[in-house]
>>> print(open('query.cif').read())   # mmCIF, C-alpha atoms
data_run
loop_
_atom_site.label_atom_id
_atom_site.label_comp_id
_atom_site.auth_asym_id
_atom_site.auth_seq_id
_atom_site.Cartn_x
_atom_site.Cartn_y
_atom_site.Cartn_z
CA MET A 98 92.21 102.89 88.34
CA ASP A 99 93.12 106.59 88.37
CA THR A 100 96.50 107.91 87.30
CA LEU A 101 98.14 108.18 90.72
CA ALA A 102 96.82 104.77 91.80
CA GLY A 103 98.10 103.23 88.61
CA LEU A 104 101.53 104.77 88.94
CA LEU A 105 101.84 103.64 92.56
CA ASP A 106 100.46 100.16 91.96
CA GLY A 107 103.90 98.66 91.61
CA PRO A 108 106.02 97.16 94.37
CA ARG A 109 104.67 98.20 97.71
CA ALA A 110 106.68 98.34 100.91
CA ARG A 111 107.94 94.92 101.95
CA GLY A 112 109.68 94.84 105.28
CA ALA A 113 110.37 98.56 105.06
CA PHE A 114 112.66 100.06 107.68
CA LEU A 115 110.41 101.72 110.25
CA LEU A 116 111.61 103.44 113.39
CA ARG A 117 110.21 105.61 116.15
CA SER A 118 112.77 108.02 117.61
CA ILE A 119 112.24 109.65 121.01
CA LEU A 120 114.79 112.41 121.47
CA GLU A 121 115.72 115.19 123.84
CA PRO A 122 117.68 118.19 122.46
CA PRO A 123 120.38 118.61 121.47
CA TRP A 124 120.33 115.87 118.84
CA SER A 125 121.44 115.59 115.21
CA LEU A 126 121.37 112.63 112.80
CA ARG A 127 123.41 112.63 109.59
CA ILE A 128 121.65 110.47 106.96
CA GLN A 129 123.90 108.92 104.31
CA ASP A 130 122.04 105.66 103.73
CA ARG A 131 121.32 106.42 100.04
CA ALA A 132 117.80 105.04 100.39
CA PRO A 133 115.68 105.91 97.33
CA LEU A 134 112.78 107.18 99.41
CA THR A 135 112.25 108.12 103.06
CA LEU A 136 109.31 109.60 104.95
CA VAL A 137 109.88 111.54 108.17
CA ALA A 138 106.83 112.47 110.25
CA VAL A 139 106.73 114.47 113.48
CA VAL A 140 104.43 113.20 116.21
CA ARG A 141 105.44 115.74 118.85
CA GLY A 142 108.08 118.41 119.20
CA SER A 143 109.80 119.64 116.05
CA ALA A 144 112.65 118.73 113.73
CA TRP A 145 114.73 120.40 111.04
CA VAL A 146 115.41 118.54 107.80
CA LEU A 147 118.53 119.95 106.12
CA PRO A 148 119.31 118.55 102.66
CA ASP A 149 122.82 119.11 101.36
CA GLY A 150 122.68 122.04 99.00
CA GLY A 151 118.95 122.58 99.56
CA GLU A 152 116.69 124.76 101.63
CA PRO A 153 116.16 123.54 105.22
CA ALA A 154 112.62 122.85 106.43
CA LEU A 155 111.19 122.95 109.95
CA LEU A 156 108.69 120.17 110.65
CA GLU A 157 106.00 120.61 113.29
CA PRO A 158 103.62 117.95 114.70
CA GLY A 159 101.66 116.28 111.91
CA ASP A 160 104.03 117.42 109.14
CA VAL A 161 105.60 114.90 106.75
CA ALA A 162 108.82 115.21 104.78
CA VAL A 163 109.29 113.06 101.67
CA VAL A 164 113.01 112.73 100.95
CA ARG A 165 113.89 111.11 97.65
CA ASP A 166 117.06 110.22 95.78
CA PRO A 167 120.27 109.01 97.39
CA GLY A 168 121.42 112.44 98.54
CA HIS A 169 122.74 113.17 102.02
CA TYR A 170 120.81 115.19 104.57
CA THR A 171 120.59 115.92 108.29
CA VAL A 172 117.67 115.71 110.71
CA ALA A 173 118.23 117.70 113.87
CA ASP A 174 116.63 119.72 116.65
CA ASP A 175 118.44 122.81 115.38
CA PRO A 176 120.46 123.56 112.23
CA GLY A 177 123.49 124.36 114.37
CA THR A 178 123.59 121.14 116.38
CA PRO A 179 126.70 119.04 115.54
CA TRP A 180 126.14 115.56 114.17
CA GLN A 181 125.95 112.82 116.78
CA VAL A 182 125.16 109.83 114.57
CA VAL A 183 125.91 109.04 110.93
CA ILE A 184 123.59 106.51 109.27
CA HIS A 185 125.17 104.65 106.33
CA PRO A 186 123.74 102.26 103.70
CA GLY A 187 122.16 99.21 105.27
CA GLN A 188 121.31 101.34 108.32
CA ARG A 189 124.85 100.92 109.64
CA CYS A 190 125.53 103.60 112.23
CA THR A 191 128.74 105.25 113.32
CA SER A 192 129.87 108.29 115.20
CA PRO A 193 130.91 111.28 113.04
CA ASN A 194 134.56 110.11 113.17
CA GLY A 195 133.62 106.67 111.86
CA THR A 196 133.65 104.71 115.12
CA PRO A 197 131.06 101.89 115.05
CA LEU A 198 128.19 102.30 117.47
CA ASP A 199 127.48 99.11 119.38
CA GLY A 200 125.01 98.27 122.08
CA LEU A 201 121.75 96.40 122.71
CA SER A 202 119.73 98.83 124.81
CA ASP A 203 116.65 100.38 123.22
CA LEU A 204 113.26 101.82 124.15
CA GLY A 205 111.11 98.98 122.88
CA VAL A 206 109.97 97.51 119.60
CA ARG A 207 111.17 99.64 116.63
CA THR A 208 111.98 102.43 119.09
CA TRP A 209 115.21 104.10 120.14
CA GLY A 210 116.36 107.42 121.48
CA THR A 211 117.61 109.30 124.49
CA GLY A 212 114.85 108.14 126.82
CA ARG A 213 111.10 107.89 127.15
CA ALA A 214 110.95 111.46 128.47
CA GLY A 215 112.28 112.93 125.24
CA THR A 216 110.28 115.91 124.03
CA THR A 217 110.49 115.04 120.32
CA THR A 218 109.02 111.94 118.67
CA LEU A 219 109.72 111.18 115.02
CA LEU A 220 108.53 108.37 112.78
CA THR A 221 110.84 107.33 109.96
CA GLY A 222 109.89 104.98 107.14
CA THR A 223 112.46 104.03 104.51
CA TYR A 224 111.72 102.27 101.24
CA GLN A 225 114.72 100.19 100.24
CA VAL A 226 113.38 99.65 96.70
CA VAL A 227 111.35 102.01 94.55
CA GLY A 228 109.68 100.48 91.50
CA GLU A 229 109.95 101.84 88.01
CA VAL A 230 106.24 102.70 88.03
CA SER A 231 106.48 104.63 91.28
CA ASP A 232 109.64 106.28 90.01
CA ARG A 233 107.62 108.08 87.34
CA VAL A 234 105.83 109.88 90.18
CA LEU A 235 108.81 110.41 92.44
CA THR A 236 111.07 111.96 89.83
CA GLU A 237 108.59 114.83 89.65
CA LEU A 238 109.22 115.67 93.31
CA PRO A 239 112.00 117.87 94.65
CA ASP A 240 114.66 116.16 96.74
CA LEU A 241 112.72 117.35 99.80
CA ALA A 242 108.95 117.73 99.65
CA VAL A 243 107.25 118.93 102.85
CA VAL A 244 103.55 118.31 103.42
CA ARG A 245 101.97 120.28 106.26
CA HIS A 246 99.58 118.64 108.67
CA GLU A 247 96.59 120.68 107.53
CA SER A 248 96.97 119.22 104.02
CA LEU A 249 96.62 115.63 105.17
CA ASP A 250 92.98 114.64 105.40
CA ALA A 251 93.46 111.40 107.36
CA PRO A 252 94.96 110.65 110.81
CA LEU A 253 97.59 108.34 109.33
CA ILE A 254 100.51 109.63 111.41
CA ASP A 255 98.66 108.96 114.66
CA LEU A 256 97.68 105.51 113.43
CA LEU A 257 101.23 104.66 112.38
CA ALA A 258 102.53 105.96 115.72
CA ALA A 259 100.08 103.70 117.55
CA GLU A 260 101.05 100.62 115.54
CA ILE A 261 104.81 101.02 115.17
CA GLY A 262 105.62 99.77 118.67
CA LYS A 263 103.47 96.65 118.47
CA ASN A 264 104.87 93.19 117.86
CA ALA A 265 101.68 91.31 116.97
CA PRO A 266 101.37 88.59 114.30
CA GLY A 267 101.37 90.14 110.84
CA GLN A 268 102.51 93.48 112.21
CA GLU A 269 105.16 94.01 109.55
CA THR A 270 102.50 93.83 106.85
CA VAL A 271 100.25 96.23 108.77
CA LEU A 272 103.09 98.74 109.05
CA ASP A 273 104.05 98.40 105.39
CA ARG A 274 100.49 99.16 104.31
CA LEU A 275 100.22 102.13 106.67
CA LEU A 276 103.48 103.50 105.28
CA ASP A 277 102.11 103.10 101.75
CA LEU A 278 98.94 104.96 102.69
CA LEU A 279 100.93 107.78 104.26
CA LEU A 280 103.08 108.06 101.15
CA ILE A 281 100.07 108.22 98.82
CA ALA A 282 98.34 110.77 101.03
CA ALA A 283 101.49 112.89 101.15
CA LEU A 284 102.01 112.74 97.38
CA ARG A 285 98.38 113.58 96.70
CA ALA A 286 98.54 116.55 99.08
CA TRP A 287 101.84 117.79 97.66
CA PHE A 288 100.67 117.67 94.05
CA ALA A 289 97.41 119.40 95.00
CA GLY A 290 99.33 122.17 96.74
CA SER A 291 101.93 122.61 93.99
CA PRO A 292 99.97 123.10 90.76
CA ASP A 293 102.89 124.82 89.07
CA ARG A 294 105.02 121.69 89.59
CA THR A 295 102.37 119.07 88.90
CA PRO A 296 103.31 116.97 85.83
CA ALA A 297 100.99 117.04 82.86
CA TRP A 298 100.28 113.31 82.96
CA TYR A 299 99.13 113.64 86.59
CA SER A 300 96.77 116.53 85.87
CA ALA A 301 95.51 114.62 82.83
CA GLN A 302 93.29 112.46 85.01
CA CYS A 303 90.99 115.49 85.35
CA ASP A 304 90.60 115.76 81.57
CA GLU A 305 87.32 114.23 80.46
CA VAL A 306 88.86 112.41 77.51
CA VAL A 307 92.50 111.79 78.42
CA GLY A 308 91.66 110.74 81.96
CA GLN A 309 89.39 108.05 80.59
CA ALA A 310 92.07 106.88 78.16
CA LEU A 311 94.71 106.64 80.88
CA GLN A 312 92.35 104.62 83.01
CA LEU A 313 91.71 102.23 80.12
CA ILE A 314 95.46 101.74 79.57
CA HIS A 315 96.24 101.28 83.25
CA ASP A 316 93.40 98.83 83.77
CA ALA A 317 94.34 96.65 80.78
CA PRO A 318 98.03 96.97 79.88
CA ALA A 319 97.99 93.57 78.15
CA GLU A 320 95.44 94.68 75.57
CA GLN A 321 96.92 95.25 72.13
CA TRP A 322 96.27 98.96 72.12
CA THR A 323 96.47 101.15 69.05
CA VAL A 324 95.53 104.81 68.90
CA ALA A 325 92.19 103.77 67.41
CA GLY A 326 91.19 101.74 70.48
CA PRO A 327 91.04 104.40 73.21
CA ALA A 328 90.04 107.00 70.61
CA ALA A 329 86.89 105.06 69.75
CA ARG A 330 86.02 104.45 73.41
CA CYS A 331 86.48 108.15 74.13
CA GLY A 332 84.35 109.16 71.16
CA LEU A 333 87.04 110.91 69.12
CA SER A 334 88.76 110.36 65.81
CA ARG A 335 92.26 108.90 65.87
CA ALA A 336 93.82 112.22 64.90
CA GLY A 337 91.71 114.21 67.34
CA PHE A 338 92.43 111.83 70.19
CA ALA A 339 96.17 111.69 69.50
CA ARG A 340 96.36 115.48 69.36
CA ARG A 341 94.46 115.96 72.61
CA PHE A 342 96.40 113.24 74.44
CA THR A 343 99.72 114.74 73.37
CA GLU A 344 98.68 118.25 74.37
CA VAL A 345 97.48 117.17 77.82
CA VAL A 346 100.04 114.48 78.74
CA GLY A 347 103.04 115.91 76.96
CA GLU A 348 103.75 112.83 74.84
CA PRO A 349 101.81 110.79 72.23
CA PRO A 350 99.64 107.91 73.48
CA MET A 351 101.82 105.16 72.01
CA THR A 352 104.96 106.76 73.47
CA TYR A 353 103.29 106.78 76.88
CA LEU A 354 102.32 103.12 76.47
CA THR A 355 105.81 102.20 75.29
CA SER A 356 107.36 103.55 78.49
CA TRP A 357 104.55 102.29 80.73
CA ARG A 358 104.78 98.62 79.79
CA PRO A 359 108.50 98.06 80.54
CA ALA A 360 108.02 99.85 83.86
CA LEU A 361 105.23 97.45 84.76
CA ALA A 362 107.42 94.55 83.67
CA ALA A 363 110.25 95.77 85.90
CA ASP A 364 107.93 95.72 88.89
CA LEU A 365 106.72 92.21 88.10
CA LEU A 366 110.27 90.97 87.68
CA ARG A 367 111.10 92.33 91.12
CA GLU A 368 108.01 91.11 92.89
CA SER A 369 107.15 87.74 91.37
CA ASP A 370 108.73 84.51 90.17
CA ALA A 371 106.72 84.48 86.95
CA THR A 372 108.63 83.50 83.84
CA ILE A 373 109.82 86.20 81.45
CA GLY A 374 107.24 84.99 78.95
CA ALA A 375 104.42 85.24 81.50
CA VAL A 376 105.50 88.75 82.45
CA ALA A 377 105.64 89.68 78.77
CA ARG A 378 102.06 88.53 78.17
CA GLN A 379 100.83 90.27 81.31
CA VAL A 380 102.07 93.67 80.17
CA GLY A 381 101.17 93.37 76.49
CA TYR A 382 104.10 91.79 74.67
CA GLY A 383 103.64 88.80 72.40
CA SER A 384 106.79 87.01 73.54
CA ALA A 385 109.69 87.07 75.94
CA PHE A 386 111.88 88.16 73.02
CA ALA A 387 109.68 91.23 72.36
CA LEU A 388 109.78 92.20 76.03
CA SER A 389 113.54 91.72 76.14
CA ASN A 390 114.06 94.08 73.21
CA ALA A 391 111.83 96.77 74.72
CA PHE A 392 113.37 96.29 78.14
CA LYS A 393 116.91 96.71 76.85
CA ARG A 394 115.92 99.89 75.04
CA ARG A 395 114.41 101.30 78.23
CA PHE A 396 116.83 100.10 80.90
CA GLY A 397 119.96 99.03 79.02
CA THR A 398 119.85 95.51 80.42
CA SER A 399 117.94 92.28 79.86
CA PRO A 400 114.97 91.24 82.01
CA GLN A 401 117.03 88.32 83.35
CA GLU A 402 119.88 90.57 84.48
CA TYR A 403 117.46 93.10 85.91
CA ARG A 404 115.74 90.43 87.98
CA ARG A 405 119.05 88.99 89.15
CA HIS A 406 120.39 92.30 90.43
CA ASP A 407 117.28 94.24 91.48
CA ARG A 408 115.25 91.84 93.59
CA PRO A 409 114.27 93.43 96.95
CA GLU A 410 115.89 90.59 98.87
CA SER A 411 119.31 91.78 97.77
CA LEU A 412 118.64 95.23 99.21
CA LEU A 413 116.99 94.33 102.49
CA ALA A 414 119.77 92.27 104.06
CA GLY A 415 119.98 92.71 107.79
CA GLY A 416 116.38 93.76 108.34
CA ALA A 417 114.92 96.63 110.26
CA GLN A 418 115.19 95.17 113.72
CA GLY A 419 118.96 94.76 113.47
CA ALA A 420 119.21 98.39 112.46
CA VAL A 421 117.05 99.43 115.40
CA ARG A 422 119.32 97.57 117.79
CA GLN A 423 122.34 99.26 116.23
CA LEU A 424 120.75 102.67 116.40
CA ALA A 425 119.85 102.09 120.02
CA GLY A 426 123.55 101.82 120.77
CA VAL A 427 123.71 105.61 120.63
CA GLN A 428 122.25 105.64 124.14
CA ALA A 429 125.25 103.83 125.47
CA GLN A 430 127.75 106.30 124.01
#
>>> encode(input="query.cif", output="structure tokens")
Amino acid sequence: MDTLAGLLDGPRARGAFLLRSILEPPWSLRIQDRAPLTLVAVVRGSAWVLPDGGEPALLEPGDVAVVRDPGHYTVADDPGTPWQVVIHPGQRCTSPNGTPLDGLSDLGVRTWGTGRAGTTTLLTGTYQVVGEVSDRVLTELPDLAVVRHESLDAPLIDLLAAEIGKNAPGQETVLDRLLDLLLIAALRAWFAGSPDRTPAWYSAQCDEVVGQALQLIHDAPAEQWTVAGPAARCGLSRAGFARRFTEVVGEPPMTYLTSWRPALAADLLRESDATIGAVARQVGYGSAFALSNAFKRRFGTSPQEYRRHDRPESLLAGGAQGAVRQLAGVQAQ
């Protein structure tokens, strides 16, 4: 497993909010939902993404914007267009003065807008939960990362656009996986196009020695690693390996492992019903007590409390379809 795959192999999208918007100018959406991660892709037409306090970006067909962190931003046909809709946490929608938007009309499955003849089509995918493993990647991104269509080497936007309006059995899972693929493709393209902002641990996968060591650690987190283990498999002395790993990754191998294991545990606590002891053994701790100590040092809370408060179910109340119906009420205004 390479570095990016390992870092993204935590909680994948599960019932992510997905929406196709068909719009005719003038239009402007104020986003205040505080979602940890959102992807906006343009199928046709164009759209401006305007983060508060950041540089605006114009998206053309095939472009993808990755918006991270719970900041506020606007998506509009033009930077000067007044807000028409404000989207709050839980995908609750109001007018700019706070009046609830009600209504049941829409344009089909996961689709809303001003009418089928709209000249702009956007796809929006929102992750309600971002895992601790994925967070190590995402914190390296700016609040707004734009990936141009020529950098994406797969027709994922067209495929997602074709699937988003379907209501077939298992469709939610299909859409979740397509959203994951689009995210990975966008991250890979952004890192490749921004070498001056690429973190050392990401570039380390290209190092003949350190890349092999990272793959060993990611493939077998439960193994009782010491510096001597990966050093021997990479054909270096302990001192030589530790020095090279630290130079390339930016932190010593055991420090990397110490932060990696609790992050994996956090994902497992979110995504499974395994006991604390089982999770501990799966990520390399000898007991639930050992995991609890490491977890508290990393996150400031116990595994039990983390699981109680950070399960995806607590963040996905209402579901995407209810939000689509609420968004569709804009047509009736």
>>> resolve_selection(input="query.cif", expression="the PyMOL selection byres ((chain A and resi 139-151) around 6)", output="PyMOL selection string")
chain A and resi 138+152-160+169-174+216-219
>>> closest_residue(input="query.cif", among="A:Val164, A:Leu136, A:Leu116, A:Ile128", to="Gln181 of chain A", atoms="all atoms listed in the file")
A:Ile128
>>> resolve_selection(input="query.cif", expression="the PyMOL selection byres ((chain A and resi 184) around 12)", output="PyMOL selection string")
chain A and resi 125-132+169-172+180-183+185-193+195-198+420-421+423-424+427
>>> resolve_selection(input="query.cif", expression="the PyMOL selection byres ((chain A and resi 324) around 8)", output="ChimeraX atom specification")
/A:322-323,325-328,335,338-339,350-351
>>> atom_distance(input="query.cif", atom1="atom CA of Glu344 of chain A", atom2="atom CA of Ala391 of chain A")
25.2 Å
>>> closest_residue(input="query.cif", among="A:Ser399, A:Thr372, A:Thr236, A:Leu257", to="Val271 of chain A", atoms="all atoms listed in the file")
A:Leu257
>>> residues_around(input="query.cif", residues="segment 278-288 of chain A", least_positions_apart="6", cutoff="9 Å", atoms="only C-alpha atoms", output="list in words")
Leu101, Ala102, Leu105, Leu136, Val161, Ala162, Val163, Val234, Leu235, Leu238, Ala242, Val243, Val244, Arg245, Ser248, Leu249, Asp250, Ala251, Leu253, Ile254, Leu257, Arg294, Thr295, Pro296 and Tyr299 of chain A
>>> atom_distance(input="query.cif", atom1="atom CA of Ala360 of chain A", atom2="atom CA of Leu134 of chain A")
17.8 Å
>>> residues_around(input="query.cif", residues="Ala319 of chain A", least_positions_apart="4", cutoff="7 Å", atoms="all atoms listed in the file", output="VMD selection string")
chain A and resid 378 to 381
>>> closest_residue(input="query.cif", among="A:Val306, A:Ala301, A:Val376, A:Leu333", to="Pro318 of chain A", atoms="only C-alpha atoms")
A:Val376
>>> atom_distance(input="query.cif", atom1="atom CA of Asp370 of chain A", atom2="atom CA of Tyr353 of chain A")
26.5 Å
>>> residues_around(input="query.cif", residues="Thr398 of chain A", least_positions_apart="5", cutoff="12 Å", atoms="all atoms listed in the file", output="list in words")
Pro359, Ala363, Leu388, Ser389, Asn390, Ala391, Phe392, Lys393, Tyr403, Arg404, Arg405, His406 and Asp407 of chain A
>>> axis_aligned_box(input="query.cif", around="segment 130-147 of chain A", padding_each_side="8 Å", output="AutoDock Vina command-line options")
--center_x 113.2 --center_y 112.7 --center_z 108.3 --size_x 33.6 --size_y 31.4 --size_z 37.9
>>> closest_residue(input="query.cif", among="A:Asp240, A:Asp203, A:Ala265, A:Ala113", to="Gly168 of chain A", atoms="all atoms listed in the file")
A:Asp240
>>> closest_residue(input="query.cif", among="A:Arg358, A:Val307, A:Leu366, A:Leu313", to="Gly337 of chain A", atoms="only C-alpha atoms")
A:Val307
